[in-house]
file data_17.cif (mmCIF, C-alpha atoms)
data_protein
#
loop_
_atom_site.label_atom_id
_atom_site.label_comp_id
_atom_site.auth_asym_id
_atom_site.auth_seq_id
_atom_site.Cartn_x
_atom_site.Cartn_y
_atom_site.Cartn_z
CA MET P 1 -76.88 85.48 -93.47
CA VAL P 2 -74.73 83.20 -95.59
CA GLU P 3 -76.04 82.62 -99.10
CA TRP P 4 -75.51 79.13 -100.47
CA THR P 5 -76.07 78.21 -104.11
CA ASP P 6 -77.74 74.87 -104.82
CA ALA P 7 -74.44 73.64 -106.25
CA GLU P 8 -72.64 74.55 -103.02
CA ARG P 9 -75.22 72.80 -100.83
CA LYS P 10 -74.98 69.71 -103.00
CA ALA P 11 -71.17 69.71 -102.92
CA ILE P 12 -71.08 70.01 -99.13
CA THR P 13 -73.67 67.30 -98.47
CA THR P 14 -72.12 65.00 -101.10
CA LEU P 15 -68.68 65.28 -99.56
CA TRP P 16 -70.04 64.95 -96.02
CA SER P 17 -72.01 61.80 -96.85
CA GLN P 18 -68.78 60.10 -97.88
CA ILE P 19 -66.63 61.34 -95.01
CA ASP P 20 -65.91 58.92 -92.16
CA VAL P 21 -65.19 61.19 -89.19
CA GLY P 22 -63.23 58.41 -87.54
CA GLU P 23 -60.93 58.32 -90.54
CA ILE P 24 -60.65 61.96 -91.61
CA GLY P 25 -60.70 63.52 -88.12
CA PRO P 26 -57.61 61.75 -86.75
CA GLN P 27 -55.72 62.40 -89.99
CA ALA P 28 -56.58 66.11 -89.93
CA LEU P 29 -55.64 66.62 -86.28
CA THR P 30 -52.41 64.63 -86.75
CA ARG P 31 -51.54 66.82 -89.71
CA LEU P 32 -52.23 69.97 -87.65
CA LEU P 33 -49.96 68.84 -84.83
CA VAL P 34 -47.15 67.85 -87.23
CA VAL P 35 -47.32 70.73 -89.73
CA TYR P 36 -48.02 73.46 -87.16
CA PRO P 37 -46.34 72.10 -84.04
CA TRP P 38 -47.15 75.15 -81.90
CA THR P 39 -50.73 73.88 -81.84
CA GLN P 40 -49.52 71.15 -79.47
CA ARG P 41 -49.78 73.75 -76.71
CA HIS P 42 -53.45 72.86 -76.33
CA PHE P 43 -52.84 69.17 -75.79
CA GLY P 44 -50.55 68.97 -72.77
CA SER P 45 -52.68 66.18 -71.33
CA PHE P 46 -52.37 63.99 -74.41
CA GLY P 47 -49.05 62.43 -73.44
CA ASN P 48 -46.20 61.96 -75.90
CA LEU P 49 -46.35 64.25 -78.94
CA SER P 50 -42.59 64.63 -79.30
CA THR P 51 -42.13 62.76 -82.57
CA TYR P 52 -44.13 62.12 -85.70
CA ALA P 53 -44.50 58.45 -84.74
CA ALA P 54 -45.71 59.43 -81.28
CA ILE P 55 -48.41 61.70 -82.70
CA VAL P 56 -49.59 59.15 -85.26
CA GLY P 57 -49.78 56.42 -82.62
CA ASN P 58 -51.41 58.59 -79.96
CA ALA P 59 -54.91 57.28 -79.12
CA LYS P 60 -55.99 60.58 -77.52
CA VAL P 61 -55.11 62.44 -80.71
CA ALA P 62 -57.11 59.96 -82.77
CA ASN P 63 -60.06 60.16 -80.41
CA HIS P 64 -60.06 63.94 -80.31
CA GLY P 65 -59.72 64.17 -84.07
CA LYS P 66 -62.87 62.11 -84.38
CA THR P 67 -64.69 64.35 -81.88
CA VAL P 68 -63.69 67.58 -83.63
CA MET P 69 -64.56 66.27 -87.10
CA GLY P 70 -67.88 64.98 -85.78
CA GLY P 71 -68.57 68.52 -84.59
CA LEU P 72 -69.04 69.54 -88.22
CA GLU P 73 -72.19 67.43 -88.44
CA SER P 74 -74.37 70.10 -86.85
CA ALA P 75 -73.07 72.67 -89.32
CA VAL P 76 -73.89 70.45 -92.30
CA LYS P 77 -77.39 69.90 -90.89
CA ASN P 78 -77.89 73.64 -90.17
CA LEU P 79 -76.26 75.33 -93.16
CA ASP P 80 -78.55 78.34 -92.86
CA ASN P 81 -77.94 78.87 -89.18
CA ILE P 82 -74.33 78.00 -88.47
CA LYS P 83 -73.59 81.11 -86.41
CA LYS P 84 -76.33 80.34 -83.88
CA THR P 85 -75.64 76.60 -83.94
CA TYR P 86 -72.05 77.16 -82.80
CA ALA P 87 -72.62 79.99 -80.31
CA LYS P 88 -72.12 77.80 -77.25
CA LEU P 89 -69.09 76.04 -78.76
CA SER P 90 -67.59 79.43 -79.53
CA VAL P 91 -67.97 80.58 -75.94
CA MET P 92 -66.40 77.32 -74.76
CA HIS P 93 -63.37 77.68 -77.06
CA SER P 94 -62.90 81.25 -75.85
CA GLU P 95 -63.62 81.07 -72.15
CA LYS P 96 -62.72 77.52 -71.25
CA LEU P 97 -60.21 76.30 -73.84
CA HIS P 98 -58.51 79.64 -74.63
CA VAL P 99 -57.81 78.69 -78.23
CA ASP P 100 -56.50 81.41 -80.55
CA PRO P 101 -59.19 81.51 -83.29
CA ASP P 102 -56.45 81.59 -85.92
CA ASN P 103 -56.01 77.91 -85.12
CA PHE P 104 -59.49 77.24 -86.51
CA ARG P 105 -58.35 78.55 -89.88
CA THR P 106 -55.22 76.42 -89.72
CA LEU P 107 -57.15 73.27 -88.82
CA ALA P 108 -59.62 74.00 -91.63
CA GLU P 109 -56.68 74.03 -94.07
CA CYS P 110 -55.50 70.67 -92.73
CA ILE P 111 -59.02 69.23 -93.07
CA SER P 112 -59.16 70.40 -96.68
CA VAL P 113 -55.79 68.80 -97.50
CA VAL P 114 -56.87 65.47 -95.97
CA VAL P 115 -60.26 65.57 -97.72
CA ALA P 116 -58.49 66.41 -101.00
CA ALA P 117 -56.16 63.43 -100.57
CA LYS P 118 -59.09 61.13 -99.85
CA PHE P 119 -61.32 62.16 -102.75
CA GLY P 120 -58.77 62.91 -105.45
CA PRO P 121 -59.07 65.39 -108.32
CA SER P 122 -62.17 63.95 -110.02
CA VAL P 123 -64.39 64.33 -106.94
CA PHE P 124 -62.63 67.22 -105.20
CA THR P 125 -62.97 69.49 -108.20
CA PRO P 126 -62.32 73.26 -108.03
CA GLY P 127 -66.07 73.76 -107.60
CA PHE P 128 -66.27 71.27 -104.73
CA GLN P 129 -63.17 72.76 -103.14
CA GLU P 130 -64.75 76.23 -103.30
CA ALA P 131 -67.94 75.03 -101.59
CA TRP P 132 -66.07 72.99 -98.98
CA GLN P 133 -63.66 75.79 -98.08
CA LYS P 134 -66.53 78.31 -97.95
CA PHE P 135 -68.36 75.93 -95.59
CA LEU P 136 -65.31 75.61 -93.34
CA ALA P 137 -64.77 79.39 -93.43
CA VAL P 138 -68.33 79.92 -92.16
CA VAL P 139 -67.75 77.37 -89.38
CA VAL P 140 -64.45 79.06 -88.49
CA SER P 141 -66.15 82.44 -88.37
CA ALA P 142 -68.96 81.12 -86.15
CA LEU P 143 -66.47 79.53 -83.76
CA GLY P 144 -64.66 82.85 -83.37
CA ARG P 145 -67.83 84.90 -83.14
CA GLN P 146 -68.31 84.87 -79.35
CA TYR P 147 -64.75 85.82 -78.47
CA HIS P 148 -64.40 89.16 -76.76
CA MET H 1 -38.98 79.23 -89.55
CA SER H 2 -35.96 78.55 -91.73
CA LEU H 3 -35.38 75.31 -93.58
CA THR H 4 -33.36 72.65 -91.79
CA ASP H 5 -31.28 70.10 -93.70
CA LYS H 6 -34.06 67.61 -93.01
CA ASP H 7 -36.64 69.98 -94.55
CA LYS H 8 -34.50 70.51 -97.65
CA ALA H 9 -34.02 66.78 -98.10
CA ALA H 10 -37.75 66.18 -97.73
CA VAL H 11 -38.61 68.89 -100.26
CA LYS H 12 -36.11 67.54 -102.79
CA ALA H 13 -37.40 63.99 -102.26
CA LEU H 14 -41.00 65.10 -102.80
CA TRP H 15 -40.00 67.16 -105.83
CA THR H 16 -38.33 64.12 -107.41
CA LYS H 17 -41.61 62.26 -107.16
CA ILE H 18 -43.89 65.04 -108.44
CA SER H 19 -41.76 67.03 -110.89
CA LYS H 20 -42.88 64.99 -113.92
CA GLY H 21 -46.42 66.13 -113.21
CA ALA H 22 -45.39 69.71 -112.47
CA ASP H 23 -47.19 71.29 -115.43
CA ALA H 24 -50.48 69.62 -114.49
CA ILE H 25 -50.03 70.58 -110.83
CA GLY H 26 -49.42 74.22 -111.72
CA ALA H 27 -52.39 74.45 -114.07
CA ASP H 28 -54.76 72.79 -111.59
CA ALA H 29 -53.53 74.89 -108.63
CA LEU H 30 -53.97 78.10 -110.60
CA ALA H 31 -57.43 77.08 -111.82
CA ARG H 32 -58.49 76.23 -108.28
CA MET H 33 -57.15 79.51 -106.90
CA LEU H 34 -59.22 81.48 -109.42
CA VAL H 35 -62.37 79.58 -108.41
CA VAL H 36 -61.87 79.27 -104.65
CA TYR H 37 -60.45 82.78 -104.18
CA PRO H 38 -62.22 84.84 -106.85
CA GLN H 39 -60.48 88.04 -105.75
CA THR H 40 -57.34 86.63 -107.43
CA LYS H 41 -59.05 86.95 -110.82
CA THR H 42 -58.33 90.67 -110.63
CA TYR H 43 -54.77 89.94 -111.72
CA PHE H 44 -55.88 88.24 -114.92
CA SER H 45 -58.41 90.63 -116.44
CA HIS H 46 -56.34 90.53 -119.63
CA TRP H 47 -57.03 86.82 -120.17
CA PRO H 48 -59.92 85.80 -122.43
CA ASP H 49 -60.55 82.60 -120.51
CA LEU H 50 -60.01 81.80 -116.81
CA LYS H 51 -61.49 78.31 -116.79
CA ALA H 52 -59.60 75.16 -115.85
CA GLY H 53 -58.02 73.65 -118.94
CA SER H 54 -57.99 76.93 -120.87
CA ALA H 55 -54.87 77.92 -122.79
CA PRO H 56 -53.86 80.93 -120.62
CA VAL H 57 -54.36 78.98 -117.35
CA THR H 58 -52.44 75.96 -118.63
CA LYS H 59 -49.58 78.08 -119.95
CA HIS H 60 -49.33 80.17 -116.81
CA GLY H 61 -49.50 77.16 -114.51
CA LYS H 62 -46.45 75.80 -116.31
CA LYS H 63 -44.64 79.11 -115.85
CA ILE H 64 -45.40 79.14 -112.13
CA MET H 65 -44.02 75.63 -111.68
CA ALA H 66 -40.84 76.61 -113.52
CA GLY H 67 -40.44 79.18 -110.76
CA VAL H 68 -41.00 76.52 -108.09
CA ALA H 69 -38.39 74.32 -109.81
CA GLN H 70 -35.97 77.25 -109.72
CA ALA H 71 -36.65 77.60 -106.01
CA VAL H 72 -36.00 73.89 -105.37
CA ALA H 73 -32.69 74.21 -107.22
CA LYS H 74 -31.76 77.29 -105.17
CA ILE H 75 -33.12 75.97 -101.89
CA ASP H 76 -29.89 76.78 -100.04
CA ASP H 77 -30.25 80.50 -100.75
CA LEU H 78 -33.76 81.40 -101.85
CA SER H 79 -33.35 85.18 -101.46
CA SER H 80 -30.56 85.47 -104.01
CA GLY H 81 -31.78 82.51 -106.06
CA LEU H 82 -35.17 84.15 -106.67
CA LEU H 83 -33.98 87.76 -106.95
CA ASP H 84 -35.01 88.08 -110.60
CA LEU H 85 -38.47 86.70 -109.85
CA SER H 86 -38.81 88.97 -106.83
CA GLU H 87 -38.03 92.03 -108.92
CA LEU H 88 -40.56 90.90 -111.53
CA HIS H 89 -43.31 90.50 -108.91
CA ALA H 90 -42.38 93.67 -107.01
CA PHE H 91 -41.96 96.17 -109.82
CA GLN H 92 -43.91 94.82 -112.76
CA LEU H 93 -46.60 92.43 -111.60
CA ARG H 94 -47.15 94.04 -108.19
CA VAL H 95 -49.04 91.05 -106.87
CA ASP H 96 -50.13 91.51 -103.26
CA PRO H 97 -47.81 89.15 -101.37
CA ALA H 98 -50.76 87.75 -99.38
CA ASN H 99 -51.64 85.84 -102.54
CA PHE H 100 -48.43 83.81 -102.36
CA LYS H 101 -49.84 81.99 -99.32
CA THR H 102 -53.14 81.50 -101.12
CA LEU H 103 -51.51 79.91 -104.17
CA GLY H 104 -49.27 77.89 -101.86
CA HIS H 105 -52.35 76.38 -100.22
CA CYS H 106 -53.84 75.49 -103.60
CA LEU H 107 -50.56 73.83 -104.63
CA GLN H 108 -50.70 71.70 -101.50
CA VAL H 109 -54.34 70.72 -102.11
CA VAL H 110 -53.50 69.65 -105.68
CA ILE H 111 -50.44 67.68 -104.58
CA ALA H 112 -52.65 66.01 -101.96
CA THR H 113 -55.21 64.99 -104.60
CA MET H 114 -52.61 63.72 -107.08
CA TYR H 115 -50.01 62.24 -104.72
CA PRO H 116 -51.89 61.27 -101.53
CA ASN H 117 -49.36 58.58 -100.55
CA GLU H 118 -46.34 60.82 -101.03
CA PHE H 119 -47.84 63.88 -99.34
CA THR H 120 -47.49 62.52 -95.83
CA PRO H 121 -47.72 64.87 -92.82
CA GLU H 122 -43.91 64.93 -92.75
CA ALA H 123 -43.69 65.90 -96.42
CA ASN H 124 -46.47 68.43 -95.77
CA VAL H 125 -44.59 70.30 -93.03
CA ALA H 126 -41.41 70.49 -95.13
CA LEU H 127 -43.31 71.72 -98.19
CA ASP H 128 -45.32 74.24 -96.16
CA LYS H 129 -42.09 75.68 -94.72
CA PHE H 130 -40.50 75.72 -98.15
CA LEU H 131 -43.43 77.54 -99.75
CA SER H 132 -43.45 80.08 -96.89
CA ASN H 133 -39.75 80.72 -97.42
CA LEU H 134 -40.31 80.89 -101.17
CA ALA H 135 -43.01 83.52 -100.61
CA LEU H 136 -40.68 85.48 -98.38
CA ALA H 137 -37.91 85.42 -100.98
CA LEU H 138 -40.42 86.47 -103.63
CA SER H 139 -41.43 89.47 -101.49
CA GLU H 140 -37.79 90.44 -100.90
CA ARG H 141 -37.71 93.37 -103.33
CA TYR H 142 -41.18 94.78 -102.58
CA ARG H 143 -40.06 97.51 -100.21
#
call {"tool": "encode", "arguments": {"input": "data_17.cif", "output": "structure tokens"}}
result
Amino acid sequence: MVEWTDAERKAITTLWSQIDVGEIGPQALTRLLVVYPWTQRHFGSFGNLSTYAAIVGNAKVANHGKTVMGGLESAVKNLDNIKKTYAKLSVMHSEKLHVDPDNFRTLAECISVVVAAKFGPSVFTPGFQEAWQKFLAVVVSALGRQYH
Amino acid sequence: MSLTDKDKAAVKALWTKISKGADAIGADALARMLVVYPQTKTYFSHWPDLKAGSAPVTKHGKKIMAGVAQAVAKIDDLSSGLLDLSELHAFQLRVDPANFKTLGHCLQVVIATMYPNEFTPEANVALDKFLSNLALALSERYR
């Protein structure tokens, strides 16, 4: 069972309430595909990802970024039960999508960088960063849980 | 994943924009690392204060960024350019090299908060490669 302090819960919900998944999601996924280009292997059906401009302008990337980021909503709403909440999604990523779970960690880093850029140092304090990264680490762990 | 000429140019361009704030970046990155990755505090048990803004954290953040500046200057040959620092970390400090990646991430988060417009995805990939190569050069003398 993950233990959350009150401060951590507050940080996570505060940040989440100000995150627009349609804004942050596309930015995070774009960053993943640019900074860690081997992740493009999972998006063969997305069309042109050959240049930075192509990735930034790609509607499928933007759409999928929004979907993935929106997927965090259920974790925020079920902080005390993230493992169970993501069990089906974990199976899907393993059996259907065949995604190396290390990619979840990498995407989480990209999300944190984008969130940091959006909120700046006065909101994204060390304390908030700790809570946010702990939250993402729990999500990452849950998503990898059903792999075998 | 070695640095291309394009990567080096991007790193130098980013450094030009952020170097004036280097001391603040170093101090904030170090403070964040100690909070977000508490296992890193084990290296600083000799400090009276580990909080953000404290004298030891501020001073050490500055020292770290001097090392990053050295790396930018020696970007064409990081292994030999950082030999002295590698020997320091390998034989005296004996920091587990896994922590280089951890601090690297915190540096990127801080740069993102302070320079969101400059830290584009393209600048990000160049910096990430640079910091990985820096970490490798720093680990050179470990074994």
call {"tool": "resolve_selection", "arguments": {"input": "data_17.cif", "expression": "the PyMOL selection byres ((chain H and resi 23-37) around 10)", "output": "ChimeraX atom specification"}}
result
/P:121,125-134 /H:18-22,38-44,50-66,68,99,102-111,113-114
call {"tool": "atom_distance", "arguments": {"input": "data_17.cif", "atom1": "atom CA of P:Pro37", "atom2": "atom CA of P:Leu97"}}
result
17.7 Å
call {"tool": "resolve_selection", "arguments": {"input": "data_17.cif", "expression": "the PyMOL selection byres ((chain P and resi 69-80) around 10)", "output": "PyMOL selection string"}}
result
chain P and resi 1-4+9+12-13+16-17+19-26+28-29+64-68+81-86+89+111+135-136+138-139+142
call {"tool": "atom_distance", "arguments": {"input": "data_17.cif", "atom1": "atom CA of H:Lys101", "atom2": "atom CA of P:Gly120"}}
result
21.9 Å
call {"tool": "residues_around", "arguments": {"input": "data_17.cif", "residues": "stretch 78-92 of chain H", "least_positions_apart": "5", "cutoff": "12 Å", "atoms": "only C-alpha atoms", "output": "MDAnalysis selection string"}}
result
chainID H and resid 2:3 8 43 63:64 66:73 97 99:100 130:143
call {"tool": "atom_distance", "arguments": {"input": "data_17.cif", "atom1": "atom CA of H:Trp47", "atom2": "atom CA of H:Ala112"}}
result
28.0 Å
call {"tool": "resolve_selection", "arguments": {"input": "data_17.cif", "expression": "the PyMOL selection byres ((chain H and resi 10) around 10)", "output": "PyMOL selection string"}}
result
chain H and resi 4-9+11-16+122-127+130
call {"tool": "write_last_selection", "arguments": {"input": "data_17.cif", "atoms": "C-alpha atoms", "output": "CSV table (one decimal), keeping the file's coordinate frame"}}
result
chain,number,residue,atom,x,y,z
H,4,THR,CA,-33.4,72.6,-91.8
H,5,ASP,CA,-31.3,70.1,-93.7
H,6,LYS,CA,-34.1,67.6,-93.0
H,7,ASP,CA,-36.6,70.0,-94.6
H,8,LYS,CA,-34.5,70.5,-97.6
H,9,ALA,CA,-34.0,66.8,-98.1
H,11,VAL,CA,-38.6,68.9,-100.3
H,12,LYS,CA,-36.1,67.5,-102.8
H,13,ALA,CA,-37.4,64.0,-102.3
H,14,LEU,CA,-41.0,65.1,-102.8
H,15,TRP,CA,-40.0,67.2,-105.8
H,16,THR,CA,-38.3,64.1,-107.4
H,122,GLU,CA,-43.9,64.9,-92.8
H,123,ALA,CA,-43.7,65.9,-96.4
H,124,ASN,CA,-46.5,68.4,-95.8
H,125,VAL,CA,-44.6,70.3,-93.0
H,126,ALA,CA,-41.4,70.5,-95.1
H,127,LEU,CA,-43.3,71.7,-98.2
H,130,PHE,CA,-40.5,75.7,-98.2
call {"tool": "residues_around", "arguments": {"input": "data_17.cif", "residues": "P:Tyr147", "least_positions_apart": "4", "cutoff": "10 Å", "atoms": "all atoms listed in the file", "output": "JSON, numbers by chain"}}
result
{"P": [87, 90, 91, 92, 93, 94, 95, 98, 99, 100, 101, 142, 143]}
call {"tool": "write_last_selection", "arguments": {"input": "data_17.cif", "atoms": "C-alpha atoms", "output": "PDB file, in the frame of the given file"}}
result
ATOM      1  CA  ALA P  87     -72.620  79.990 -80.310  1.00  0.00           C
ATOM      2  CA  SER P  90     -67.590  79.430 -79.530  1.00  0.00           C
ATOM      3  CA  VAL P  91     -67.970  80.580 -75.940  1.00  0.00           C
ATOM      4  CA  MET P  92     -66.400  77.320 -74.760  1.00  0.00           C
ATOM      5  CA  HIS P  93     -63.370  77.680 -77.060  1.00  0.00           C
ATOM      6  CA  SER P  94     -62.900  81.250 -75.850  1.00  0.00           C
ATOM      7  CA  GLU P  95     -63.620  81.070 -72.150  1.00  0.00           C
ATOM      8  CA  HIS P  98     -58.510  79.640 -74.630  1.00  0.00           C
ATOM      9  CA  VAL P  99     -57.810  78.690 -78.230  1.00  0.00           C
ATOM     10  CA  ASP P 100     -56.500  81.410 -80.550  1.00  0.00           C
ATOM     11  CA  PRO P 101     -59.190  81.510 -83.290  1.00  0.00           C
ATOM     12  CA  ALA P 142     -68.960  81.120 -86.150  1.00  0.00           C
ATOM     13  CA  LEU P 143     -66.470  79.530 -83.760  1.00  0.00           C
TER      14      LEU P 143
END
call {"tool": "axis_aligned_box", "arguments": {"input": "data_17.cif", "around": "stretch 84-97 of chain P", "padding_each_side": "3 Å", "output": "lines of an AutoDock Vina configuration file"}}
result
center_x = -68.3
center_y = 78.6
center_z = -77.6
size_x = 22.1
size_y = 11.2
size_z = 18.7
call {"tool": "closest_residue", "arguments": {"input": "data_17.cif", "among": "P:Gln27, P:Ser50, P:Gln18, P:Gln146", "to": "P:Ser112", "atoms": "all atoms listed in the file"}}
result
P:Gln27
call {"tool": "closest_residue", "arguments": {"input": "data_17.cif", "among": "P:Thr106, P:Thr30, P:Thr39, P:Ser141", "to": "chain H", "atoms": "all atoms listed in the file"}}
result
P:Thr30
call {"tool": "closest_residue", "arguments": {"input": "data_17.cif", "among": "H:Asp76, H:Glu118, H:Leu93, H:Pro48", "to": "chain P", "atoms": "all atoms listed in the file"}}
result
H:Glu118
call {"tool": "closest_residue", "arguments": {"input": "data_17.cif", "among": "P:Asn103, P:Thr51, P:Thr5, P:Gln40", "to": "chain H", "atoms": "all atoms listed in the file"}}
result
P:Thr51
call {"tool": "closest_residue", "arguments": {"input": "data_17.cif", "among": "H:Ser45, H:Lys129, H:Pro116, H:Asp96", "to": "chain P", "atoms": "all atoms listed in the file"}}
result
H:Pro116
call {"tool": "closest_residue", "arguments": {"input": "data_17.cif", "among": "P:His148, P:Lys118, P:Lys10, P:Lys60", "to": "chain H", "atoms": "all atoms listed in the file"}}
result
P:Lys118
call {"tool": "residues_around", "arguments": {"input": "data_17.cif", "residues": "stretch 57-59 of chain P", "least_positions_apart": "4", "cutoff": "9 Å", "atoms": "all atoms listed in the file", "output": "JSON, numbers by chain"}}
result
{"P": [46, 47, 48, 49, 52, 53, 63, 64]}
